[in-house]
file entry.txt (compact mmCIF, C-alpha atoms and all ligand atoms)
# COMPACT_ATOMS: atom_id res chain seq x y z
CA MET G 1476 195.94 -24.07 -152.21
CA LYS G 1477 199.73 -23.65 -151.96
CA ASN G 1478 201.81 -26.66 -153.01
CA PHE G 1479 205.16 -27.75 -151.55
CA ASP G 1480 207.32 -30.87 -151.65
CA ILE G 1481 207.41 -31.03 -147.86
CA ILE G 1482 205.30 -29.44 -145.12
CA ILE G 1483 206.87 -29.25 -141.69
CA ILE G 1484 204.57 -28.73 -138.72
CA GLY G 1485 206.30 -27.05 -135.77
CA ALA G 1486 209.31 -24.71 -135.70
CA GLY G 1487 211.19 -26.22 -132.75
CA PRO G 1488 214.73 -27.60 -133.28
CA GLY G 1489 213.37 -30.67 -135.10
CA GLY G 1490 211.23 -28.71 -137.56
CA SER G 1491 213.82 -26.02 -138.22
CA PHE G 1492 216.58 -28.51 -138.95
CA ALA G 1493 214.28 -30.54 -141.21
CA ALA G 1494 213.35 -27.36 -143.10
CA LYS G 1495 216.97 -26.26 -143.41
CA THR G 1496 218.03 -29.67 -144.75
CA ALA G 1497 215.06 -29.76 -147.15
CA ALA G 1498 215.87 -26.33 -148.58
CA GLU G 1499 219.56 -27.18 -148.91
CA ASN G 1500 218.61 -30.27 -150.91
CA GLY G 1501 216.41 -28.36 -153.32
CA TYR G 1502 213.00 -29.28 -151.89
CA SER G 1503 210.33 -26.62 -151.58
CA SER G 1504 209.37 -26.61 -147.94
CA CYS G 1505 207.08 -24.69 -145.63
CA ILE G 1506 207.20 -24.61 -141.83
CA LEU G 1507 203.90 -23.98 -140.07
CA GLU G 1508 204.29 -22.69 -136.50
CA LYS G 1509 201.45 -21.79 -134.19
CA GLU G 1510 203.40 -19.23 -132.15
CA GLU G 1511 205.14 -15.98 -133.04
CA LEU G 1512 208.90 -16.43 -132.92
CA SER G 1513 211.23 -13.77 -131.56
CA ASP G 1514 214.37 -13.53 -129.44
CA ASN G 1515 212.44 -12.71 -126.30
CA GLY G 1516 209.18 -14.14 -127.47
CA ARG G 1517 207.14 -17.19 -126.61
CA TYR G 1518 208.31 -19.06 -123.55
CA LYS G 1519 209.18 -22.75 -123.80
CA ALA G 1520 209.68 -24.74 -120.58
CA CYS G 1521 213.20 -26.16 -120.93
CA GLY G 1522 216.48 -26.37 -119.03
CA GLY G 1523 218.11 -25.24 -122.26
CA ALA G 1524 221.35 -27.13 -121.58
CA ILE G 1525 223.37 -27.85 -124.70
CA ALA G 1526 226.81 -29.38 -125.21
CA TRP G 1527 229.62 -27.14 -126.39
CA GLU G 1528 230.02 -29.31 -129.52
CA LEU G 1529 226.53 -28.22 -130.56
CA VAL G 1530 227.35 -24.55 -129.91
CA GLU G 1531 230.35 -24.93 -132.22
CA GLU G 1532 228.57 -27.02 -134.84
CA ILE G 1533 225.86 -24.44 -135.46
CA ASP G 1534 228.14 -21.48 -134.70
CA TYR G 1535 225.78 -20.29 -131.97
CA PRO G 1536 226.89 -16.78 -130.92
CA GLU G 1537 228.35 -16.70 -127.41
CA GLU G 1538 226.43 -13.52 -126.57
CA LYS G 1539 223.19 -15.47 -127.03
CA ILE G 1540 224.21 -18.03 -124.38
CA ALA G 1541 222.57 -17.31 -121.03
CA ARG G 1542 225.46 -18.93 -119.11
CA VAL G 1543 228.55 -20.90 -120.05
CA ILE G 1544 228.80 -24.06 -117.96
CA GLU G 1545 231.91 -26.00 -116.93
CA SER G 1546 230.41 -28.56 -114.54
CA LEU G 1547 227.35 -30.58 -113.64
CA GLU G 1548 226.91 -30.93 -109.87
CA LEU G 1549 224.95 -34.07 -108.96
CA HIS G 1550 223.29 -34.16 -105.53
CA HIS G 1551 221.71 -37.22 -103.97
CA VAL G 1552 219.30 -36.31 -101.14
CA ASP G 1553 221.00 -38.85 -98.88
CA GLY G 1554 223.93 -36.41 -98.81
CA GLU G 1555 226.34 -37.67 -101.47
CA THR G 1556 227.49 -35.23 -104.14
CA TYR G 1557 229.25 -35.94 -107.41
CA SER G 1558 230.75 -33.58 -109.94
CA LYS G 1559 230.96 -34.03 -113.69
CA LYS G 1560 233.26 -31.72 -115.64
CA GLY G 1561 232.46 -30.68 -119.19
CA LYS G 1562 231.79 -27.49 -121.14
CA GLY G 1563 228.30 -26.55 -122.22
CA GLY G 1564 225.88 -23.69 -122.37
CA VAL G 1565 222.40 -22.92 -121.13
CA VAL G 1566 220.18 -21.04 -123.53
CA TRP G 1567 216.78 -19.39 -123.54
CA ARG G 1568 214.67 -21.44 -125.91
CA SER G 1569 212.97 -18.44 -127.52
CA THR G 1570 216.39 -17.12 -128.61
CA PHE G 1571 217.78 -20.54 -129.54
CA ASP G 1572 214.72 -21.65 -131.52
CA LYS G 1573 214.61 -18.31 -133.37
CA PHE G 1574 218.28 -18.75 -134.34
CA LEU G 1575 217.59 -22.20 -135.82
CA THR G 1576 214.46 -21.01 -137.63
CA ASP G 1577 216.45 -18.12 -139.13
CA MET G 1578 218.97 -20.70 -140.42
CA ALA G 1579 216.14 -22.58 -142.13
CA VAL G 1580 214.71 -19.41 -143.68
CA ASP G 1581 218.19 -18.28 -144.83
CA SER G 1582 218.54 -21.65 -146.58
CA GLY G 1583 215.31 -21.02 -148.50
CA ALA G 1584 212.49 -22.55 -146.42
CA LEU G 1585 209.25 -20.60 -146.08
CA LEU G 1586 208.12 -19.89 -142.49
CA LYS G 1587 204.49 -19.25 -141.60
CA GLU G 1588 204.27 -18.03 -138.01
CA GLU G 1589 201.12 -17.73 -135.96
CA GLU G 1590 199.56 -20.33 -138.24
CA PRO G 1591 198.53 -23.35 -136.17
CA MET G 1592 197.82 -26.49 -138.15
CA ILE G 1593 194.20 -27.34 -137.44
CA ASN G 1594 193.65 -30.21 -139.84
CA VAL G 1595 195.63 -32.67 -141.91
CA GLU G 1596 194.19 -35.22 -144.29
CA GLN G 1597 195.34 -37.42 -147.14
CA LYS G 1598 193.74 -36.65 -150.51
CA ASN G 1599 194.65 -38.15 -153.89
CA GLY G 1600 198.13 -39.26 -152.80
CA SER G 1601 199.15 -36.03 -151.08
CA TYR G 1602 198.44 -34.29 -147.80
CA VAL G 1603 196.26 -31.25 -147.37
CA VAL G 1604 197.13 -29.22 -144.28
CA THR G 1605 194.71 -26.58 -143.07
CA THR G 1606 195.76 -23.73 -140.78
CA ASN G 1607 193.76 -20.88 -139.26
CA LYS G 1608 194.63 -18.86 -142.39
CA ASP G 1609 195.19 -21.10 -145.40
CA LYS G 1610 195.41 -24.52 -147.03
CA TYR G 1611 198.67 -26.18 -148.12
CA SER G 1612 199.43 -29.43 -149.89
CA ALA G 1613 202.54 -31.60 -150.06
CA LYS G 1614 203.63 -35.15 -150.76
CA TYR G 1615 205.47 -35.42 -147.42
CA VAL G 1616 204.62 -34.22 -143.91
CA ILE G 1617 207.15 -33.84 -141.09
CA ALA G 1618 205.43 -33.95 -137.69
CA ALA G 1619 207.74 -31.79 -135.56
CA ASP G 1620 205.01 -30.40 -133.34
CA GLY G 1621 206.25 -31.69 -130.00
CA VAL G 1622 205.28 -34.38 -127.51
CA ASN G 1623 201.51 -33.95 -127.90
CA SER G 1624 201.80 -33.75 -131.73
CA PRO G 1625 198.37 -32.59 -132.89
CA THR G 1626 199.39 -33.80 -136.38
CA LEU G 1627 199.88 -37.40 -135.31
CA LYS G 1628 196.75 -37.24 -133.18
CA LEU G 1629 194.69 -36.19 -136.22
CA LEU G 1630 196.26 -39.03 -138.19
CA ASN G 1631 195.28 -41.47 -135.41
CA TRP G 1632 198.79 -42.52 -134.44
CA PRO G 1633 198.85 -44.04 -130.91
CA PHE G 1634 200.13 -41.86 -128.02
CA PHE G 1635 203.01 -42.88 -125.70
CA ALA G 1636 202.73 -45.42 -122.89
CA SER G 1637 202.45 -43.65 -119.50
CA GLU G 1638 205.78 -45.19 -118.32
CA ASP G 1639 207.35 -43.28 -121.23
CA ILE G 1640 206.14 -39.84 -120.18
CA ILE G 1641 207.74 -37.55 -117.60
CA LEU G 1642 205.59 -34.80 -116.13
CA THR G 1643 207.71 -31.72 -115.46
CA ILE G 1644 207.17 -28.46 -113.64
CA THR G 1645 209.34 -25.47 -114.46
CA GLU G 1646 209.61 -22.19 -112.62
CA GLU G 1647 211.65 -19.20 -113.77
CA ARG G 1648 212.86 -17.24 -110.74
CA LYS G 1649 214.57 -13.88 -110.80
CA THR G 1650 217.42 -13.37 -108.37
CA THR G 1651 220.83 -11.68 -108.63
CA ILE G 1652 224.00 -12.74 -110.40
CA SER G 1653 225.95 -12.40 -107.13
CA SER G 1654 223.52 -14.69 -105.31
CA ILE G 1655 223.82 -17.30 -108.10
CA ASP G 1656 227.62 -17.09 -108.04
CA LYS G 1657 227.64 -17.46 -104.24
CA HIS G 1658 225.24 -20.39 -103.93
CA LEU G 1659 225.46 -22.32 -107.22
CA GLY G 1660 228.85 -21.23 -108.56
CA SER G 1661 229.25 -19.07 -111.64
CA ASP G 1662 229.53 -21.94 -114.12
CA SER G 1663 227.62 -24.94 -112.74
CA VAL G 1664 224.24 -26.52 -113.20
CA HIS G 1665 222.84 -28.68 -110.37
CA LEU G 1666 220.79 -31.89 -110.56
CA PHE G 1667 219.01 -33.53 -107.59
CA PHE G 1668 218.21 -37.23 -107.23
CA GLY G 1669 216.70 -39.60 -104.66
CA ILE G 1670 214.21 -42.39 -105.32
CA LYS G 1671 212.85 -42.96 -101.81
CA ASN G 1672 212.96 -39.40 -100.53
CA LEU G 1673 212.56 -37.11 -103.54
CA ILE G 1674 211.47 -38.39 -106.96
CA THR G 1675 210.60 -41.97 -107.87
CA VAL G 1676 211.78 -41.97 -111.49
CA GLY G 1677 213.29 -38.67 -112.57
CA TYR G 1678 215.19 -35.76 -111.09
CA ALA G 1679 215.04 -32.06 -110.33
CA TRP G 1680 217.37 -29.24 -111.35
CA LEU G 1681 218.59 -25.68 -110.87
CA PHE G 1682 219.95 -24.12 -114.06
CA PRO G 1683 221.26 -20.55 -113.72
CA LYS G 1684 220.65 -18.27 -116.71
CA GLU G 1685 221.98 -14.72 -116.38
CA ASP G 1686 220.20 -13.34 -113.26
CA LYS G 1687 217.51 -16.03 -113.28
CA ILE G 1688 217.30 -19.63 -112.18
CA THR G 1689 215.34 -22.24 -114.06
CA VAL G 1690 213.94 -24.49 -111.34
CA GLY G 1691 212.72 -27.82 -112.67
CA TRP G 1692 211.27 -31.08 -111.46
CA GLY G 1693 210.21 -34.17 -113.42
CA ASN G 1694 208.76 -37.54 -112.45
CA GLN G 1695 207.31 -40.46 -114.46
CA ILE G 1696 203.70 -39.42 -114.94
CA ASN G 1697 201.95 -42.58 -113.70
CA LEU G 1698 203.92 -42.40 -110.43
CA VAL G 1699 203.01 -38.79 -109.65
CA LYS G 1700 200.56 -38.41 -106.77
CA ASN G 1701 200.49 -34.65 -106.32
CA SER G 1702 202.89 -32.80 -108.60
CA ARG G 1703 202.75 -29.45 -106.79
CA GLU G 1704 203.44 -31.10 -103.43
CA GLU G 1705 206.30 -33.12 -104.91
CA PHE G 1706 207.74 -29.98 -106.51
CA LYS G 1707 207.47 -28.21 -103.14
CA LYS G 1708 209.35 -31.05 -101.47
CA PHE G 1709 212.23 -30.29 -103.85
CA THR G 1710 212.20 -26.52 -103.34
CA GLY G 1711 212.01 -27.17 -99.58
CA LEU G 1712 215.36 -29.01 -99.50
CA PRO G 1713 217.69 -26.87 -97.31
CA PHE G 1714 220.23 -26.25 -100.12
CA VAL G 1715 217.53 -25.34 -102.65
CA ASN G 1716 215.61 -23.23 -100.17
CA GLN G 1717 218.71 -21.18 -99.48
CA VAL G 1718 219.47 -20.70 -103.21
CA LEU G 1719 215.91 -19.51 -103.91
CA GLN G 1720 215.65 -17.18 -100.91
CA ASN G 1721 214.73 -13.65 -102.04
CA SER G 1722 214.03 -14.81 -105.60
CA THR G 1723 210.78 -13.86 -107.31
CA LEU G 1724 208.61 -16.18 -109.35
CA GLU G 1725 208.16 -15.00 -112.96
CA ILE G 1726 206.89 -18.11 -114.79
CA PHE G 1727 205.33 -21.41 -113.74
CA LYS G 1728 204.80 -24.04 -116.43
CA PRO G 1729 204.11 -27.79 -116.54
CA HIS G 1730 205.17 -29.72 -119.66
CA LEU G 1731 205.74 -33.33 -120.74
CA ILE G 1732 208.96 -35.07 -121.82
CA PRO G 1733 208.66 -38.34 -123.76
CA VAL G 1734 211.31 -40.86 -122.70
CA GLY G 1735 210.38 -43.77 -124.94
CA LEU G 1736 209.64 -44.00 -128.65
CA ARG G 1737 206.22 -43.88 -130.30
CA SER G 1738 205.13 -47.26 -131.57
CA LYS G 1739 206.01 -46.02 -135.09
CA LEU G 1740 208.12 -43.18 -136.45
CA TYR G 1741 206.89 -43.29 -140.06
CA GLU G 1742 203.76 -44.11 -142.03
CA ASP G 1743 202.48 -43.12 -145.49
CA ASN G 1744 204.98 -40.28 -146.15
CA VAL G 1745 204.61 -38.85 -142.62
CA PHE G 1746 207.72 -38.73 -140.42
CA ALA G 1747 207.71 -38.19 -136.63
CA VAL G 1748 210.78 -36.20 -135.56
CA GLY G 1749 212.03 -35.00 -132.17
CA ASP G 1750 209.59 -35.07 -129.25
CA ALA G 1751 206.70 -36.02 -131.55
CA GLY G 1752 208.47 -39.36 -132.01
CA GLY G 1753 209.76 -39.59 -128.42
CA ILE G 1754 213.32 -39.21 -129.69
CA VAL G 1755 214.81 -38.05 -126.38
CA ASP G 1756 217.51 -39.36 -124.04
CA PRO G 1757 215.48 -41.48 -121.56
CA ILE G 1758 217.93 -40.93 -118.69
CA SER G 1759 218.68 -37.20 -118.91
CA GLY G 1760 215.65 -35.93 -120.87
CA LYS G 1761 218.02 -34.23 -123.33
CA GLY G 1762 216.14 -33.78 -126.58
CA ILE G 1763 217.40 -30.73 -128.48
CA PRO G 1764 220.23 -32.41 -130.46
CA TYR G 1765 218.13 -35.52 -131.19
CA ALA G 1766 215.27 -33.40 -132.51
CA MET G 1767 217.70 -31.60 -134.83
CA MET G 1768 219.35 -34.82 -136.03
CA SER G 1769 216.06 -36.66 -136.58
CA GLY G 1770 214.73 -33.71 -138.61
CA GLN G 1771 217.82 -33.81 -140.78
CA ILE G 1772 217.73 -37.60 -141.15
CA ALA G 1773 214.04 -37.60 -142.18
CA ILE G 1774 214.85 -35.33 -145.14
CA GLU G 1775 218.01 -37.24 -146.08
CA THR G 1776 215.89 -40.41 -146.08
CA ILE G 1777 213.44 -38.85 -148.55
CA LYS G 1778 216.33 -37.81 -150.79
CA THR G 1779 218.04 -41.21 -150.72
CA CYS G 1780 214.82 -43.12 -151.40
CA GLU G 1781 213.78 -40.81 -154.24
CA GLU G 1782 217.21 -41.02 -155.89
CA LYS G 1783 217.40 -44.81 -155.56
CA ASP G 1784 213.74 -45.36 -156.40
CA LYS G 1785 213.13 -47.04 -153.04
CA LEU G 1786 210.04 -45.14 -151.90
CA ASP G 1787 208.53 -48.33 -150.49
CA ARG G 1788 211.41 -48.43 -147.96
CA LEU G 1789 211.13 -44.89 -146.53
CA GLY G 1790 210.14 -46.05 -143.03
CA LYS G 1791 212.76 -48.80 -142.80
CA ILE G 1792 215.56 -46.56 -144.04
CA TYR G 1793 214.53 -43.72 -141.69
CA GLU G 1794 214.65 -45.95 -138.60
CA LYS G 1795 217.85 -47.69 -139.73
CA SER G 1796 219.58 -44.38 -140.23
CA LEU G 1797 218.35 -43.08 -136.84
CA ASP G 1798 219.61 -46.32 -135.24
CA ARG G 1799 223.02 -45.99 -136.86
CA ASN G 1800 223.42 -42.38 -135.78
CA PHE G 1801 222.14 -42.48 -132.18
CA LEU G 1802 218.81 -44.25 -131.72
CA LYS G 1803 220.33 -47.64 -130.90
CA VAL G 1804 221.99 -46.02 -127.89
CA LEU G 1805 218.77 -44.26 -126.80
CA LYS G 1806 216.90 -47.59 -127.00
CA ALA G 1807 219.54 -49.21 -124.76
CA LYS G 1808 219.28 -46.25 -122.38
CA ARG G 1809 215.51 -46.76 -122.13
CA ILE G 1810 216.16 -50.29 -120.82
CA ALA G 1811 219.01 -49.14 -118.54
CA ARG G 1812 216.83 -46.36 -117.10
CA ASP G 1813 214.53 -48.88 -115.42
CA LYS G 1814 217.53 -50.50 -113.74
CA ILE G 1815 219.11 -47.19 -112.68
CA PHE G 1816 215.90 -46.01 -111.02
CA GLN G 1817 215.19 -49.40 -109.41
CA SER G 1818 216.94 -48.47 -106.15
CA ASP G 1819 218.96 -45.67 -104.59
CA GLU G 1820 221.92 -48.02 -104.53
CA ASN G 1821 221.78 -48.44 -108.34
CA LEU G 1822 221.19 -44.73 -108.78
CA LYS G 1823 224.26 -43.80 -106.71
CA LYS G 1824 226.33 -46.32 -108.63
CA PHE G 1825 225.23 -44.63 -111.86
CA LEU G 1826 225.94 -41.12 -110.53
CA LYS G 1827 229.42 -42.20 -109.43
CA LEU G 1828 230.15 -43.63 -112.88
CA TRP G 1829 228.61 -40.58 -114.58
CA GLU G 1830 231.29 -38.40 -112.98
CA ASN G 1831 233.88 -39.89 -115.30
CA TYR G 1832 232.01 -41.50 -118.19
CA ARG G 1833 229.35 -40.47 -120.67
CA SER G 1834 225.99 -42.11 -119.96
CA SER G 1835 226.27 -43.84 -123.37
CA GLN G 1836 229.61 -45.36 -122.29
CA ILE G 1837 228.04 -46.60 -119.04
CA VAL G 1838 225.12 -48.18 -120.86
CA MET G 1839 226.83 -49.55 -123.97
CA GLY G 1840 229.94 -50.64 -122.02
CA LYS G 1841 227.66 -52.34 -119.47
CA LEU G 1842 229.56 -50.61 -116.64
CA MET G 1843 226.58 -50.92 -114.28
CA ASP G 1844 226.50 -54.74 -114.52
C1 LIG G 1901 211.18 -29.03 -118.48
C2 LIG G 1901 212.01 -29.49 -119.66
C3 LIG G 1901 213.38 -29.34 -119.61
C4 LIG G 1901 214.17 -29.74 -120.70
N1 LIG G 1901 215.51 -29.51 -120.67
C5 LIG G 1901 216.28 -29.85 -121.73
C6 LIG G 1901 217.66 -29.53 -121.75
O1 LIG G 1901 218.20 -28.92 -120.82
N2 LIG G 1901 218.39 -29.90 -122.85
C7 LIG G 1901 217.82 -30.57 -123.90
O2 LIG G 1901 218.53 -30.91 -124.86
N3 LIG G 1901 216.51 -30.86 -123.91
C8 LIG G 1901 215.71 -30.51 -122.87
N4 LIG G 1901 214.37 -30.77 -122.90
C9 LIG G 1901 213.80 -31.45 -124.06
C10 LIG G 1901 213.62 -30.46 -125.22
O3 LIG G 1901 212.93 -29.33 -124.78
C11 LIG G 1901 212.84 -31.13 -126.37
O4 LIG G 1901 213.33 -32.43 -126.58
C12 LIG G 1901 212.94 -30.32 -127.67
O5 LIG G 1901 212.33 -29.07 -127.53
C13 LIG G 1901 212.27 -31.10 -128.81
O6 LIG G 1901 212.25 -30.32 -129.97
P1 LIG G 1901 211.10 -30.52 -131.06
O7 LIG G 1901 211.46 -29.65 -132.20
O8 LIG G 1901 210.87 -31.95 -131.29
O9 LIG G 1901 209.76 -30.03 -130.35
P2 LIG G 1901 209.37 -28.65 -129.66
O10 LIG G 1901 210.59 -27.90 -129.25
O11 LIG G 1901 208.38 -28.99 -128.63
O12 LIG G 1901 208.69 -27.82 -130.82
C14 LIG G 1901 207.41 -28.12 -131.30
C15 LIG G 1901 206.86 -26.91 -132.01
O13 LIG G 1901 205.61 -27.23 -132.61
C16 LIG G 1901 204.74 -26.13 -132.46
N5 LIG G 1901 203.36 -26.61 -132.60
C17 LIG G 1901 202.66 -27.39 -131.75
N6 LIG G 1901 201.42 -27.59 -132.22
C18 LIG G 1901 201.34 -26.96 -133.41
C19 LIG G 1901 200.31 -26.79 -134.39
N7 LIG G 1901 199.10 -27.32 -134.22
N8 LIG G 1901 200.59 -26.08 -135.51
C20 LIG G 1901 201.82 -25.52 -135.69
N9 LIG G 1901 202.81 -25.62 -134.78
C21 LIG G 1901 202.59 -26.34 -133.67
C22 LIG G 1901 205.09 -25.59 -131.08
O14 LIG G 1901 204.67 -24.26 -130.90
C23 LIG G 1901 206.61 -25.75 -131.06
O15 LIG G 1901 207.29 -24.61 -131.52
C24 LIG G 1901 213.57 -30.35 -121.83
C25 LIG G 1901 212.18 -30.51 -121.86
C26 LIG G 1901 211.40 -30.07 -120.80
C27 LIG G 1901 209.90 -30.19 -120.86

call {"tool": "encode", "arguments": {"input": "entry.txt", "output": "structure tokens", "more": "lines below"}}
Ligand SMILES: Cc1cc2nc3c(=O)[nH]c(=O)nc-3n(C[C@H](O)[C@H](O)[C@H](O)COP(=O)(O)OP(=O)(O)OC[C@H]3O[C@@H](n4cnc5c(N)ncnc54)[C@H](O)[C@@H]3O)c2cc1C
result
Amino acid sequence: MKNFDIIIIGAGPGGSFAAKTAAENGYSSCILEKEELSDNGRYKACGGAIAWELVEEIDYPEEKIARVIESLELHHVDGETYSKKGKGGVVWRSTFDKFLTDMAVDSGALLKEEEPMINVEQKNGSYVVTTNKDKYSAKYVIAADGVNSPTLKLLNWPFFASEDIILTITEERKTTISSIDKHLGSDSVHLFFGIKNLITVGYAWLFPKEDKITVGWGNQINLVKNSREEFKKFTGLPFVNQVLQNSTLEIFKPHLIPVGLRSKLYEDNVFAVGDAGGIVDPISGKGIPYAMMSGQIAIETIKTCEEKDKLDRLGKIYEKSLDRNFLKVLKAKRIARDKIFQSDENLKKFLKLWENYRSSQIVMGKLMD
């Protein structure tokens, strides 16, 4: 049995940032990841859009960015278009996740790849985690193993409500850079909306990455009747059809996005971070920065509570700190989301405002009211 202060399950952005923060604060930590990580390795269904502030914050090398973006083009199927300016990047998740995991390892965390967690149980005040290869023990467990979180399932935590889950379909399509530049523009990502005639609660997207286009669609899972047909309806839109002409399908992958929180984010020295906790923007589905921040905050919470001898308050302090940093806004967005997707009229009002304001400004400033 190998002993650590903290075991982190999952080497996505949430797990890697938790491991990095743990190592920097002097905790022995081990990340268990079921896949093999490499720059062009395991595929993760994701738009991969990140804000430029994040690129700068982690010093992400520009040559690893699949496309630099200057605008978000918003299409409503009724014909209206809106344009939101702002610099960002789209990344391949294999490359991005590997970069973050390398940061954690460079800080001193131990990474165990191709070691899926297969069991977790509490024994004599600590956790014993079993993988396909070994057994590990630690006082604290960070569940950073994504929306389905096998860790939290084994610990009998409740799953999300169906209104809080978006079913997505992603296709990676190979085309040419000149075709992307001609149809989508060299530095734009495109989002598609329409409650009555496209997607009831959600949206679809075309994100260009080098000579490929990530084609995505997502709808609230309990409202989906036939996902493949609904996806086809999107790719059949005249604009989209033209963009995808002569492209070849390389990958097809469904995946879930949680857009509401789990009923708890902490219990008995176990922290849910990132998608495992449902810590995602409920309007846009953006989750990468929130996974990273929640991973960091979970470890800072452990440190604060240990130093101040407040171990009975770990859960309260974790959620308070998340709230203070960003979770309060995400909770307000979860409520606003229902109103935005109530009618096409509300949706268009939101898209018009989104051209000039951040979605947090629209929600917190009550600009929709
Ligand atoms: C279609 C789609 C498009 C998206 N687009 C964007 C976007 O453009 N921008 C954005 O910010 N967010 C986007 N998101 C959301 C974003 O992908 C997630 O919020 C983010 O990946 C969450 O990070 P995480 O670390 O919590 O979990 P994940 O990235 O899901 O990582 C979980 C890790 O746990 C590992 N794991 C699972 N089970 C086990 C096990 N038993 N043992 C060991 N390891 C295990 C997995 O292999 C994985 O590496 C998108 C999501 C989807 C589905």

call {"tool": "closest_residue", "arguments": {"input": "entry.txt", "among": "G:Tyr1765, G:Phe1635, G:Tyr1678, G:Phe1479", "to": "G:Leu1797", "atoms": "all atoms listed in the file"}}
result
G:Tyr1765

call {"tool": "closest_atom_pairs", "arguments": {"input": "entry.txt", "of": "stretch 1742-1797 of chain G", "to": "stretch 1564-1576 of chain G", "cutoff": "12 Å", "atoms": "all atoms listed in the file", "output": "tab-separated table"}}
result
residue	atom	partner	partner_atom	distance
G:Ile1763	CA	G:Asp1572	CA	9.9
G:Pro1764	CA	G:Leu1575	CA	11.8
G:Ala1766	CA	G:Asp1572	CA	11.8
G:Met1767	CA	G:Leu1575	CA	9.5

call {"tool": "axis_aligned_box", "arguments": {"input": "entry.txt", "around": "ligand LIG 1901 (chain G)", "padding_each_side": "4 Å", "output": "AutoDock Vina command-line options"}}
result
--center_x 208.8 --center_y -28.3 --center_z -127.1 --size_x 27.4 --size_y 16.2 --size_z 25.2

call {"tool": "residues_near_ligand", "arguments": {"input": "entry.txt", "ligand": "ligand LIG 1901 (chain G)", "cutoff": "6 Å", "atoms": "all atoms listed in the file", "output": "ChimeraX atom specification"}}
result
/G:1484-1490,1507-1510,1520-1525,1591-1593,1619-1621,1625,1643,1645,1730-1732,1749-1751,1755,1760-1763,1766

call {"tool": "write_last_selection", "arguments": {"input": "entry.txt", "atoms": "C-alpha atoms", "output": "PDB file, keeping the file's coordinate frame"}}
result
ATOM      1  CA  ILE G1484     204.570 -28.730-138.720  1.00  0.00           C
ATOM      2  CA  GLY G1485     206.300 -27.050-135.770  1.00  0.00           C
ATOM      3  CA  ALA G1486     209.310 -24.710-135.700  1.00  0.00           C
ATOM      4  CA  GLY G1487     211.190 -26.220-132.750  1.00  0.00           C
ATOM      5  CA  PRO G1488     214.730 -27.600-133.280  1.00  0.00           C
ATOM      6  CA  GLY G1489     213.370 -30.670-135.100  1.00  0.00           C
ATOM      7  CA  GLY G1490     211.230 -28.710-137.560  1.00  0.00           C
ATOM      8  CA  LEU G1507     203.900 -23.980-140.070  1.00  0.00           C
ATOM      9  CA  GLU G1508     204.290 -22.690-136.500  1.00  0.00           C
ATOM     10  CA  LYS G1509     201.450 -21.790-134.190  1.00  0.00           C
ATOM     11  CA  GLU G1510     203.400 -19.230-132.150  1.00  0.00           C
ATOM     12  CA  ALA G1520     209.680 -24.740-120.580  1.00  0.00           C
ATOM     13  CA  CYS G1521     213.200 -26.160-120.930  1.00  0.00           C
ATOM     14  CA  GLY G1522     216.480 -26.370-119.030  1.00  0.00           C
ATOM     15  CA  GLY G1523     218.110 -25.240-122.260  1.00  0.00           C
ATOM     16  CA  ALA G1524     221.350 -27.130-121.580  1.00  0.00           C
ATOM     17  CA  ILE G1525     223.370 -27.850-124.700  1.00  0.00           C
ATOM     18  CA  PRO G1591     198.530 -23.350-136.170  1.00  0.00           C
ATOM     19  CA  MET G1592     197.820 -26.490-138.150  1.00  0.00           C
ATOM     20  CA  ILE G1593     194.200 -27.340-137.440  1.00  0.00           C
ATOM     21  CA  ALA G1619     207.740 -31.790-135.560  1.00  0.00           C
ATOM     22  CA  ASP G1620     205.010 -30.400-133.340  1.00  0.00           C
ATOM     23  CA  GLY G1621     206.250 -31.690-130.000  1.00  0.00           C
ATOM     24  CA  PRO G1625     198.370 -32.590-132.890  1.00  0.00           C
ATOM     25  CA  THR G1643     207.710 -31.720-115.460  1.00  0.00           C
ATOM     26  CA  THR G1645     209.340 -25.470-114.460  1.00  0.00           C
ATOM     27  CA  HIS G1730     205.170 -29.720-119.660  1.00  0.00           C
ATOM     28  CA  LEU G1731     205.740 -33.330-120.740  1.00  0.00           C
ATOM     29  CA  ILE G1732     208.960 -35.070-121.820  1.00  0.00           C
ATOM     30  CA  GLY G1749     212.030 -35.000-132.170  1.00  0.00           C
ATOM     31  CA  ASP G1750     209.590 -35.070-129.250  1.00  0.00           C
ATOM     32  CA  ALA G1751     206.700 -36.020-131.550  1.00  0.00           C
ATOM     33  CA  VAL G1755     214.810 -38.050-126.380  1.00  0.00           C
ATOM     34  CA  GLY G1760     215.650 -35.930-120.870  1.00  0.00           C
ATOM     35  CA  LYS G1761     218.020 -34.230-123.330  1.00  0.00           C
ATOM     36  CA  GLY G1762     216.140 -33.780-126.580  1.00  0.00           C
ATOM     37  CA  ILE G1763     217.400 -30.730-128.480  1.00  0.00           C
ATOM     38  CA  ALA G1766     215.270 -33.400-132.510  1.00  0.00           C
TER      39      ALA G1766
END

call {"tool": "closest_residue", "arguments": {"input": "entry.txt", "among": "G:Glu1531, G:Gln1817, G:Val1604, G:His1550", "to": "G:Ile1506", "atoms": "all atoms listed in the file"}}
result
G:Val1604

call {"tool": "residues_around", "arguments": {"input": "entry.txt", "residues": "G:Arg1648", "least_positions_apart": "5", "cutoff": "9 Å", "atoms": "all atoms listed in the file", "output": "VMD selection string"}}
result
chain G and resid 1686 to 1690 1719 1722 to 1726

call {"tool": "atom_distance", "arguments": {"input": "entry.txt", "atom1": "atom CA of G:Arg1799", "atom2": "atom CA of G:Thr1779"}}
result
15.5 Å
